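Structure file target13.cif; described as mmCIF, C-alpha atoms.
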data_upload
loop_
_atom_site.label_atom_id
_atom_site.label_comp_id
_atom_site.auth_asym_id
_atom_site.auth_seq_id
_atom_site.Cartn_x
_atom_site.Cartn_y
_atom_site.Cartn_z
CA MET Y 1 92.16 150.33 129.56
CA PRO Y 2 91.88 146.87 131.17
CA LYS Y 3 95.02 144.86 131.85
CA CYS Y 4 95.71 141.15 131.89
CA LYS Y 5 94.39 139.65 135.12
CA SER Y 6 97.35 137.29 135.26
CA CYS Y 7 100.39 139.49 134.67
CA GLU Y 8 98.82 142.97 135.09
CA GLN Y 9 100.42 144.12 131.83
CA PRO Y 10 98.67 145.97 128.95
CA LEU Y 11 96.74 143.72 126.60
CA VAL Y 12 99.16 143.97 123.71
CA ILE Y 13 101.95 141.79 122.35
CA GLU Y 14 105.23 143.01 120.94
CA LEU Y 15 105.78 142.09 117.30
CA ASP Y 16 109.06 140.91 115.84
CA PRO Y 17 109.91 143.26 112.92
CA GLU Y 18 111.70 140.42 111.13
CA SER Y 19 108.50 138.38 111.07
CA PHE Y 20 106.47 140.92 109.09
CA ASP Y 21 105.02 139.70 105.82
CA GLU Y 22 102.73 141.38 103.34
CA ALA Y 23 99.59 140.33 105.18
CA THR Y 24 100.91 141.53 108.53
CA SER Y 25 102.20 144.80 107.12
CA SER Y 26 98.86 145.65 105.54
CA SER Y 27 96.83 144.86 108.65
CA VAL Y 28 98.93 146.47 111.38
CA GLY Y 29 100.89 148.99 109.34
CA GLN Y 30 104.34 147.98 110.57
CA ALA Y 31 103.30 148.66 114.18
CA SER Y 32 105.62 147.38 116.89
CA SER Y 33 102.74 145.86 118.86
CA ALA Y 34 99.31 144.37 118.30
CA PRO Y 35 96.24 143.66 120.46
CA ASP Y 36 96.27 140.47 122.52
CA ASP Y 37 93.03 140.60 124.47
CA LEU Y 38 91.07 137.49 125.44
CA LEU Y 39 87.81 138.38 127.19
CA LEU Y 40 85.98 135.76 129.24
CA ARG Y 41 82.24 135.74 129.96
CA CYS Y 42 82.94 136.85 133.54
CA GLY Y 43 84.42 140.11 132.24
CA CYS Y 44 88.06 139.32 133.00
CA HIS Y 45 90.72 139.97 130.36
CA PHE Y 46 93.87 137.91 129.73
CA HIS Y 47 96.70 137.65 127.29
CA TRP Y 48 96.18 134.53 125.16
CA GLN Y 49 99.26 132.77 126.51
CA CYS Y 50 98.63 133.89 130.09
CA LEU Y 51 95.27 132.14 130.06
CA LEU Y 52 96.66 129.01 128.38
CA ASP Y 53 99.25 128.81 131.14
CA GLU Y 54 96.32 128.35 133.55
CA SER Y 55 94.84 125.48 131.51
CA PRO Y 56 95.37 122.72 134.11
CA GLU Y 57 93.38 124.67 136.72
CA ILE Y 58 90.71 125.83 134.27
CA ALA Y 59 90.16 122.33 132.87
CA LEU Y 60 89.31 121.10 136.36
CA SER Y 61 87.29 124.04 137.66
CA LEU Y 62 85.84 125.56 134.46
CA ALA Y 63 86.19 128.84 136.34
CA CYS Y 64 88.08 132.05 135.71
CA PRO Y 65 91.48 131.79 137.39
CA ALA Y 66 91.20 135.43 138.52
CA CYS Y 67 87.66 135.88 139.86
CA GLN Y 68 86.71 132.17 140.22
CA ASN Y 69 83.36 132.70 138.49
CA SER Y 70 82.18 129.99 136.11
CA ILE Y 71 83.15 130.57 132.49
CA VAL Y 72 81.42 127.52 131.04
CA SER Y 73 78.20 127.55 129.05
CA MET Y 74 76.23 124.67 127.62
CA ALA Y 75 75.61 124.52 123.90
CA PRO Y 76 72.59 122.58 122.64
CA GLY Y 77 73.39 119.18 121.20
CA PRO Y 78 73.33 118.78 117.40
CA SER Y 79 69.82 117.35 117.48
CA ALA Y 80 68.27 120.09 119.62
CA THR Y 81 66.46 121.60 116.63
CA ASN Y 82 65.85 118.38 114.71
CA SER Y 83 62.96 116.29 115.96
CA MET Y 84 64.02 113.40 113.72
CA VAL Y 85 67.30 112.89 115.61
CA PRO Y 86 67.37 111.54 119.18
CA PRO Y 87 68.25 114.26 121.71
CA THR Y 88 71.83 114.50 122.88
CA SER Y 89 73.35 116.06 125.98
CA PRO Y 90 74.30 119.75 125.83
CA GLN Y 91 77.99 120.28 125.18
CA PRO Y 92 80.11 122.48 127.49
CA GLN Y 93 81.84 125.46 125.92
CA VAL Y 94 84.06 128.30 127.09
CA ILE Y 95 82.97 131.15 124.85
CA THR Y 96 85.31 134.12 124.57
CA ARG Y 97 86.01 137.18 122.49
CA TYR Y 98 89.56 137.45 121.22
CA HIS Y 99 91.10 140.60 119.76
CA ASN Y 100 94.47 140.19 118.07
CA GLU Y 101 96.30 141.59 115.05
CA GLY Y 102 93.84 139.83 112.74
CA GLY Y 103 90.79 141.54 114.23
CA ILE Y 104 88.09 140.48 116.68
CA GLN Y 105 86.86 136.89 116.90
CA GLU Y 106 83.47 136.70 118.59
CA ASN Y 107 82.06 133.55 120.21
CA LEU Y 108 85.38 131.71 120.14
CA ASP Y 109 85.15 128.41 122.04
CA ILE Y 110 88.52 127.78 123.68
CA LEU Y 111 87.53 124.73 125.74
CA PRO Y 112 89.08 122.23 123.27
CA LEU Y 113 92.37 124.13 123.44
CA ILE Y 114 92.22 124.39 127.24
CA THR Y 115 91.60 120.64 127.43
CA GLU Y 116 94.50 119.90 125.10
CA GLU Y 117 96.92 122.16 126.99
CA ALA Y 118 95.92 120.64 130.32
CA TYR Y 119 96.47 117.15 128.93
CA LEU Y 120 99.88 118.08 127.54
CA ASP Y 121 100.86 119.71 130.81
CA ALA Y 122 100.13 116.43 132.59
CA ASN Y 123 101.61 114.34 129.76
CA PRO Y 124 104.54 116.29 128.26
CA ALA Y 125 105.76 113.23 126.37
CA ALA Y 126 102.55 113.43 124.31
CA ARG Y 127 103.52 116.74 122.68
CA PRO Y 128 105.33 115.07 119.76
CA ALA Y 129 102.36 112.73 119.36
CA ARG Y 130 99.93 115.63 119.10
CA ALA Y 131 102.22 117.27 116.53
CA PHE Y 132 102.28 113.98 114.63
CA MET Y 133 98.47 113.84 114.56
CA THR Y 134 98.31 117.38 113.18
CA MET Y 135 100.83 116.50 110.47
CA CYS Y 136 98.79 113.43 109.48
CA GLY Y 137 95.67 115.56 109.15
CA GLU Y 138 97.51 118.14 107.05
CA GLY Y 139 99.30 115.60 104.87
CA ASP Y 140 102.73 116.83 105.97
CA VAL Y 141 104.68 113.68 105.14
CA THR Y 142 108.05 115.44 105.29
CA GLY Y 143 107.25 116.72 108.77
CA VAL Y 144 106.28 113.21 109.90
CA VAL Y 145 109.56 111.72 108.73
CA GLU Y 146 111.60 114.54 110.28
CA LEU Y 147 109.78 114.12 113.60
CA LEU Y 148 110.44 110.39 113.62
CA LYS Y 149 114.12 110.95 112.85
CA ALA Y 150 114.41 113.52 115.65
CA LEU Y 151 112.88 111.09 118.15
CA GLU Y 152 115.32 108.40 117.07
CA GLU Y 153 118.44 110.57 116.99
CA GLU Y 154 117.83 112.94 119.92
CA PRO Y 155 115.22 111.44 122.23
CA ASP Y 156 114.29 113.25 125.42
CA GLU Y 157 113.63 111.36 128.62
CA GLY Y 158 110.16 109.86 128.54
CA ASP Y 159 109.69 110.32 124.78
CA MET Y 160 107.84 107.70 122.79
CA SER Y 161 109.87 105.63 120.36
CA PRO Y 162 109.15 106.19 116.65
CA ALA Y 163 107.19 102.92 116.55
CA GLU Y 164 105.08 103.99 119.54
CA LEU Y 165 104.46 107.42 118.06
CA LEU Y 166 103.21 105.93 114.80
CA ARG Y 167 100.64 103.86 116.71
CA PHE Y 168 99.61 106.63 119.12
CA GLN Y 169 95.87 106.74 119.81
CA ASP Y 170 94.72 110.22 120.70
CA PRO Y 171 92.58 110.38 123.87
CA LEU Y 172 91.54 113.92 122.92
CA ASP Y 173 90.18 112.78 119.56
CA GLY Y 174 88.28 109.59 120.20
CA MET Y 175 91.36 107.32 120.36
CA LYS Y 176 92.01 107.77 116.66
CA THR Y 177 95.39 106.95 115.13
CA GLY Y 178 97.22 109.00 112.54
CA LEU Y 179 95.80 106.61 109.95
CA HIS Y 180 92.24 107.40 111.02
CA VAL Y 181 92.93 111.13 110.80
CA ALA Y 182 94.70 110.98 107.44
CA ILE Y 183 91.83 108.97 105.97
CA GLU Y 184 89.22 111.36 107.38
CA ARG Y 185 91.08 114.34 105.90
CA SER Y 186 91.57 112.62 102.51
CA GLN Y 187 95.36 112.83 102.80
CA GLN Y 188 96.44 110.06 100.44
CA GLU Y 189 100.20 110.64 100.70
CA ALA Y 190 99.99 110.53 104.49
CA VAL Y 191 97.94 107.32 104.38
CA TRP Y 192 100.51 105.60 102.17
CA LEU Y 193 103.37 106.79 104.39
CA ILE Y 194 101.71 105.54 107.56
CA LEU Y 195 101.05 102.18 105.94
CA TRP Y 196 104.68 102.05 104.80
CA LEU Y 197 105.92 102.76 108.32
CA ALA Y 198 103.41 100.99 110.56
CA SER Y 199 101.68 98.13 108.75
CA SER Y 200 102.58 94.60 107.76
CA LEU Y 201 101.55 95.28 104.17
CA GLN Y 202 104.15 93.68 101.92
CA THR Y 203 106.52 96.08 100.17
CA HIS Y 204 105.53 94.81 96.71
CA ALA Y 205 101.93 95.89 97.41
CA PHE Y 206 102.91 99.56 97.41
CA PRO Y 207 102.82 101.54 94.15
CA ASP Y 208 106.26 102.29 92.74
CA GLU Y 209 105.81 106.01 93.27
CA VAL Y 210 105.09 105.45 96.98
CA ALA Y 211 108.22 103.35 97.44
CA GLN Y 212 110.26 105.93 95.54
CA ALA Y 213 108.84 108.78 97.66
CA ALA Y 214 109.66 106.87 100.84
CA GLU Y 215 113.19 106.28 99.59
CA SER Y 216 113.64 109.97 98.79
CA LEU Y 217 112.55 110.79 102.35
CA GLU Y 218 114.91 108.13 103.70
CA ALA Y 219 111.95 106.45 105.37
CA GLY Y 220 112.74 102.79 106.00
CA ARG Y 221 110.41 100.10 107.24
CA GLU Y 222 112.14 99.33 110.54
CA THR Y 223 109.08 100.55 112.45
CA THR Y 224 106.73 97.98 110.92
CA ASN Y 225 107.51 95.46 113.65
CA GLY Y 226 104.66 95.59 116.12
CA VAL Y 227 100.93 96.01 115.95
CA ASP Y 228 99.62 96.59 112.43
CA ILE Y 229 98.09 100.07 112.56
CA ARG Y 230 95.26 98.93 110.30
CA GLY Y 231 93.91 96.82 113.16
CA LEU Y 232 93.75 99.65 115.71
CA ARG Y 233 90.25 100.96 116.40
CA ASP Y 234 88.95 104.23 117.78
CA ASP Y 235 86.60 104.53 120.74
CA GLN Y 236 83.66 103.80 118.44
CA GLY Y 237 85.22 100.52 117.36
CA ARG Y 238 86.13 101.79 113.89
CA SER Y 239 89.27 100.89 112.00
CA GLY Y 240 90.73 103.08 109.29
CA GLU Y 241 89.08 100.80 106.76
CA ASP Y 242 85.69 101.41 108.39
CA ILE Y 243 86.09 105.17 108.10
CA ALA Y 244 87.25 104.94 104.49
CA GLY Y 245 84.21 102.82 103.66
CA GLY Y 246 81.90 105.68 104.63
CA MET Y 247 83.64 108.34 102.56
CA GLY Y 248 82.46 107.60 99.06
CA ASN Y 249 84.77 106.97 96.12
CA ILE Y 250 87.96 108.61 97.34
CA TRP Y 251 89.24 105.40 98.95
CA ALA Y 252 87.43 102.96 96.66
CA GLY Y 253 90.62 101.69 95.03
CA LEU Y 254 92.40 100.94 98.31
CA LEU Y 255 89.27 99.31 99.75
CA ALA Y 256 88.76 97.10 96.71
CA ALA Y 257 92.39 95.99 96.82
CA GLY Y 258 92.20 95.24 100.54
CA ILE Y 259 95.06 97.66 101.26
CA LEU Y 260 93.36 99.05 104.38
CA ARG Y 261 92.33 95.65 105.75
CA GLY Y 262 94.27 94.75 108.87
#
Translate this structure into structure tokens?
Amino acid sequence: MPKCKSCEQPLVIELDPESFDEATSSSVGQASSAPDDLLLRCGCHFHWQCLLDESPEIALSLACPACQNSIVSMAPGPSATNSMVPPTSPQPQVITRYHNEGGIQENLDILPLITEEAYLDANPAARPARAFMTMCGEGDVTGVVELLKALEEEPDEGDMSPAELLRFQDPLDGMKTGLHVAIERSQQEAVWLILWLASSLQTHAFPDEVAQAAESLEAGRETTNGVDIRGLRDDQGRSGEDIAGGMGNIWAGLLAAGILRG
């Protein structure tokens, strides 16, 4: 049986018995270990985390850290099979097969994750910002407020301030803000919270239920001083209002009322 090329250990991971749930119990039968086998196109095997630990090197070389062979392939651009759309450059991918407790995932492209891990390795202070962007996309307003409070109460050296975090523009996602992402994902509660925390929109312009929800979360408006997030644009020059305008009726009310206009 092949072993991990990084640590030379069997390609399994030990499971914590206390973490079993119904789904886990049915799939692995209360086993104490599960497969953890990431196969690259060069034929080398790694544990998932072992390979991620090599992300800074892989992101630069696009080569296997063990055998140094290229692991990148080029996927056709989205218009490759559509003659009506102008051709686009092929997109690099790192296609793998991953076997874990959930089964086998074929043709799994891990290049976006490798890129993100390499960026965070070089910019550790951006980790809370990436978590913030995920929360905005998922509509986790409680998580956003808790993250902001943690940054204010127990900041680590080099951390962004809460106001800076709210206005973070993600270089791994087209320089979008949390407002862009929340609008794209149709997360209305997250949009209202971000406007409450990072826009110059007057308090009386917010619906009563939004103000009450913010009060219940103990989310004040101290972070509104600074750039109005509604005026920040992604690398395509789009504001949150621009994105909302292309999404049909879901944001029609806010657009008509000028709520998203910076």
*Got a sec: who's within 8 Å of Phe168 (chain Y), counting only C-alpha atoms, leaving out chain neighbours fewer than 4 positions off, as a ChimeraX atom specification?*
/Y:129,164,177-178
*Where does the PyMOL selection byres ((chain Y and resi 218) around 12) land in this file, that is, which residues does it pick, as a PyMOL selection string?*
chain Y and resi 141-142+144-146+148-149+193+196-197+211-217+219-222
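Using all atoms listed in the file, the shortest contact distance between Arg238 (chain Y) and any of Y:Gly143, Y:Gly174, Y:Pro56, Y:Pro2 is found at Y:Gly174.
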_Could you list, as a ChimeraX atom specification, every residue matched by the PyMOL selection byres ((chain Y and resi 245) around 12) in this structure?_
/Y:180,183-184,238-244,246-256,258,260-261
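Across the chains present, the PyMOL selection byres ((chain Y and resi 123-125) around 12) applied to this file returns Pro56, Glu116, Glu117, Ala118, Tyr119, Leu120, Asp121, Ala122, Ala126, Arg127, Pro128, Ala129, Arg130, Ala131, Leu151, Pro155, Asp156, Glu157, Gly158, Asp159, Met160, Ser161, Glu164, Leu165, Phe168 and Pro171 of chain Y.
Computed from the coordinates, the CA of Pro207 (chain Y) to CA of Trp192 (chain Y) distance equals 9.3 Å.
Each of Y:Ala182, Y:Leu111, Y:Ile104, Y:Cys42 was checked against Met133 (chain Y) using all atoms listed in the file; the smallest atom-to-atom distance is that of Y:Ala182.
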*Contact residues around Val72 (chain Y) with only C-alpha atoms at 9 Å, ignoring same-chain residues under 3 positions, as JSON, numbers by chain*: {"Y": [41, 62, 63, 92, 93, 94, 95, 111]}
*What gap, in Å, lies between CA of Lys5 (chain Y) and CA of Ala59 (chain Y)?*
18.0 Å
*asked:* Residues near Pro10 (chain Y), anyone? I mean within 10 Å using all atoms listed in the file, not counting same-chain ones fewer than 3 positions away, as a list in words.
replied: Met1, Pro2, Lys3, Cys4, Lys5, Cys7, Ile13, Pro35, Asp36, Asp37, Phe46 and His47 of chain Y
Prev. selection, C-alpha atoms, output as a PDB file, keeping the file's coordinate frame:
ATOM      1  CA  MET Y   1      92.160 150.330 129.560  1.00  0.00           C
ATOM      2  CA  PRO Y   2      91.880 146.870 131.170  1.00  0.00           C
ATOM      3  CA  LYS Y   3      95.020 144.860 131.850  1.00  0.00           C
ATOM      4  CA  CYS Y   4      95.710 141.150 131.890  1.00  0.00           C
ATOM      5  CA  LYS Y   5      94.390 139.650 135.120  1.00  0.00           C
ATOM      6  CA  CYS Y   7     100.390 139.490 134.670  1.00  0.00           C
ATOM      7  CA  ILE Y  13     101.950 141.790 122.350  1.00  0.00           C
ATOM      8  CA  PRO Y  35      96.240 143.660 120.460  1.00  0.00           C
ATOM      9  CA  ASP Y  36      96.270 140.470 122.520  1.00  0.00           C
ATOM     10  CA  ASP Y  37      93.030 140.600 124.470  1.00  0.00           C
ATOM     11  CA  PHE Y  46      93.870 137.910 129.730  1.00  0.00           C
ATOM     12  CA  HIS Y  47      96.700 137.650 127.290  1.00  0.00           C
TER      13      HIS Y  47
END
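Take CA of Gln188 (chain Y) and CA of Gln202 (chain Y): the distance between them is 18.2 Å.
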*Y:Val210, Y:Thr223, Y:Met74, Y:Gly262 ranked by distance to Glu152 (chain Y), top pick (using only C-alpha atoms)*: Y:Thr223
Please, which residues are within 10 Å of (104.0, 97.1, 115.0) by the file's coordinates, counting all atoms listed in the file, and could they come as a PDB file with C-alpha atoms, in the frame of the given file?
ATOM      1  CA  ALA Y 163     107.190 102.920 116.550  1.00  0.00           C
ATOM      2  CA  GLU Y 164     105.080 103.990 119.540  1.00  0.00           C
ATOM      3  CA  LEU Y 166     103.210 105.930 114.800  1.00  0.00           C
ATOM      4  CA  ARG Y 167     100.640 103.860 116.710  1.00  0.00           C
ATOM      5  CA  LEU Y 197     105.920 102.760 108.320  1.00  0.00           C
ATOM      6  CA  ALA Y 198     103.410 100.990 110.560  1.00  0.00           C
ATOM      7  CA  SER Y 199     101.680  98.130 108.750  1.00  0.00           C
ATOM      8  CA  SER Y 200     102.580  94.600 107.760  1.00  0.00           C
ATOM      9  CA  GLU Y 222     112.140  99.330 110.540  1.00  0.00           C
ATOM     10  CA  THR Y 223     109.080 100.550 112.450  1.00  0.00           C
ATOM     11  CA  THR Y 224     106.730  97.980 110.920  1.00  0.00           C
ATOM     12  CA  ASN Y 225     107.510  95.460 113.650  1.00  0.00           C
ATOM     13  CA  GLY Y 226     104.660  95.590 116.120  1.00  0.00           C
ATOM     14  CA  VAL Y 227     100.930  96.010 115.950  1.00  0.00           C
ATOM     15  CA  ASP Y 228      99.620  96.590 112.430  1.00  0.00           C
ATOM     16  CA  ILE Y 229      98.090 100.070 112.560  1.00  0.00           C
TER      17      ILE Y 229
END
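Among Y:Gly103, Y:Gly237, Y:Gly139, Y:Pro112, the residue with the shortest atom-to-atom distance to Leu38 (chain Y), counting only C-alpha atoms, is Y:Gly103.
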*Closest of Y:Ser73, Y:Thr115, Y:Gln9, Y:Asn100 to Asp53 (chain Y) - atom-to-atom distances counting all atoms listed in the file*: Y:Thr115
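Comparing the minimum interatomic distances between Leu40 (chain Y) and each of Y:Glu153, Y:Asp170, Y:Asp109, Y:Glu8, counting only C-alpha atoms, we find that Y:Asp109 sits nearest.
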Save region 45-64 of chain Y from what I just supplied, as a JSON list (two decimals), in the first residue's frame, atoms limited to N, CA and C atoms.
[["chain", "number", "residue", "atom", "x", "y", "z"],
["Y", 45, "HIS", "N", 1.26, 10.05, -3.77],
["Y", 45, "HIS", "CA", 0.17, 10.11, -2.81],
["Y", 45, "HIS", "C", 0.57, 10.98, -1.62],
["Y", 46, "PHE", "N", -0.41, 11.70, -1.07],
["Y", 46, "PHE", "CA", -0.17, 12.54, 0.11],
["Y", 46, "PHE", "C", -1.39, 12.48, 1.01],
["Y", 47, "HIS", "N", -1.16, 12.71, 2.31],
["Y", 47, "HIS", "CA", -2.27, 13.10, 3.17],
["Y", 47, "HIS", "C", -2.74, 14.48, 2.72],
["Y", 48, "TRP", "N", -4.02, 14.76, 2.91],
["Y", 48, "TRP", "CA", -4.57, 16.07, 2.53],
["Y", 48, "TRP", "C", -3.78, 17.20, 3.17],
["Y", 49, "GLN", "N", -3.61, 17.15, 4.49],
["Y", 49, "GLN", "CA", -2.94, 18.24, 5.18],
["Y", 49, "GLN", "C", -1.46, 18.31, 4.83],
["Y", 50, "CYS", "N", -0.85, 17.16, 4.61],
["Y", 50, "CYS", "CA", 0.58, 17.16, 4.24],
["Y", 50, "CYS", "C", 0.80, 17.92, 2.94],
["Y", 51, "LEU", "N", -0.11, 17.73, 1.98],
["Y", 51, "LEU", "CA", 0.06, 18.45, 0.72],
["Y", 51, "LEU", "C", -0.22, 19.94, 0.91],
["Y", 52, "LEU", "N", -1.26, 20.27, 1.69],
["Y", 52, "LEU", "CA", -1.56, 21.69, 1.91],
["Y", 52, "LEU", "C", -0.40, 22.40, 2.59],
["Y", 53, "ASP", "N", 0.32, 21.69, 3.44],
["Y", 53, "ASP", "CA", 1.48, 22.29, 4.09],
["Y", 53, "ASP", "C", 2.55, 22.71, 3.09],
["Y", 54, "GLU", "N", 2.50, 22.13, 1.90],
["Y", 54, "GLU", "CA", 3.49, 22.44, 0.85],
["Y", 54, "GLU", "C", 2.96, 23.50, -0.12],
["Y", 55, "SER", "N", 1.83, 24.11, 0.21],
["Y", 55, "SER", "CA", 1.17, 25.03, -0.71],
["Y", 55, "SER", "C", 2.06, 26.16, -1.21],
["Y", 56, "PRO", "N", 2.86, 26.83, -0.35],
["Y", 56, "PRO", "CA", 3.69, 27.92, -0.87],
["Y", 56, "PRO", "C", 4.62, 27.48, -2.00],
["Y", 57, "GLU", "N", 5.22, 26.30, -1.85],
["Y", 57, "GLU", "CA", 6.11, 25.80, -2.90],
["Y", 57, "GLU", "C", 5.33, 25.40, -4.15],
["Y", 58, "ILE", "N", 4.20, 24.71, -3.94],
["Y", 58, "ILE", "CA", 3.42, 24.24, -5.08],
["Y", 58, "ILE", "C", 2.85, 25.40, -5.88],
["Y", 59, "ALA", "N", 2.39, 26.44, -5.19],
["Y", 59, "ALA", "CA", 1.81, 27.59, -5.88],
["Y", 59, "ALA", "C", 2.81, 28.26, -6.81],
["Y", 60, "LEU", "N", 4.08, 28.20, -6.47],
["Y", 60, "LEU", "CA", 5.12, 28.80, -7.31],
["Y", 60, "LEU", "C", 5.56, 27.88, -8.43],
["Y", 61, "SER", "N", 5.71, 26.59, -8.12],
["Y", 61, "SER", "CA", 6.29, 25.66, -9.10],
["Y", 61, "SER", "C", 5.26, 24.89, -9.90],
["Y", 62, "LEU", "N", 4.05, 24.74, -9.34],
["Y", 62, "LEU", "CA", 3.01, 23.88, -9.93],
["Y", 62, "LEU", "C", 3.57, 22.49, -10.21],
["Y", 63, "ALA", "N", 4.42, 22.04, -9.29],
["Y", 63, "ALA", "CA", 5.06, 20.73, -9.41],
["Y", 63, "ALA", "C", 4.84, 19.95, -8.13],
["Y", 64, "CYS", "N", 4.91, 18.63, -8.23],
["Y", 64, "CYS", "CA", 4.81, 17.77, -7.07],
["Y", 64, "CYS", "C", 5.98, 18.04, -6.14]]
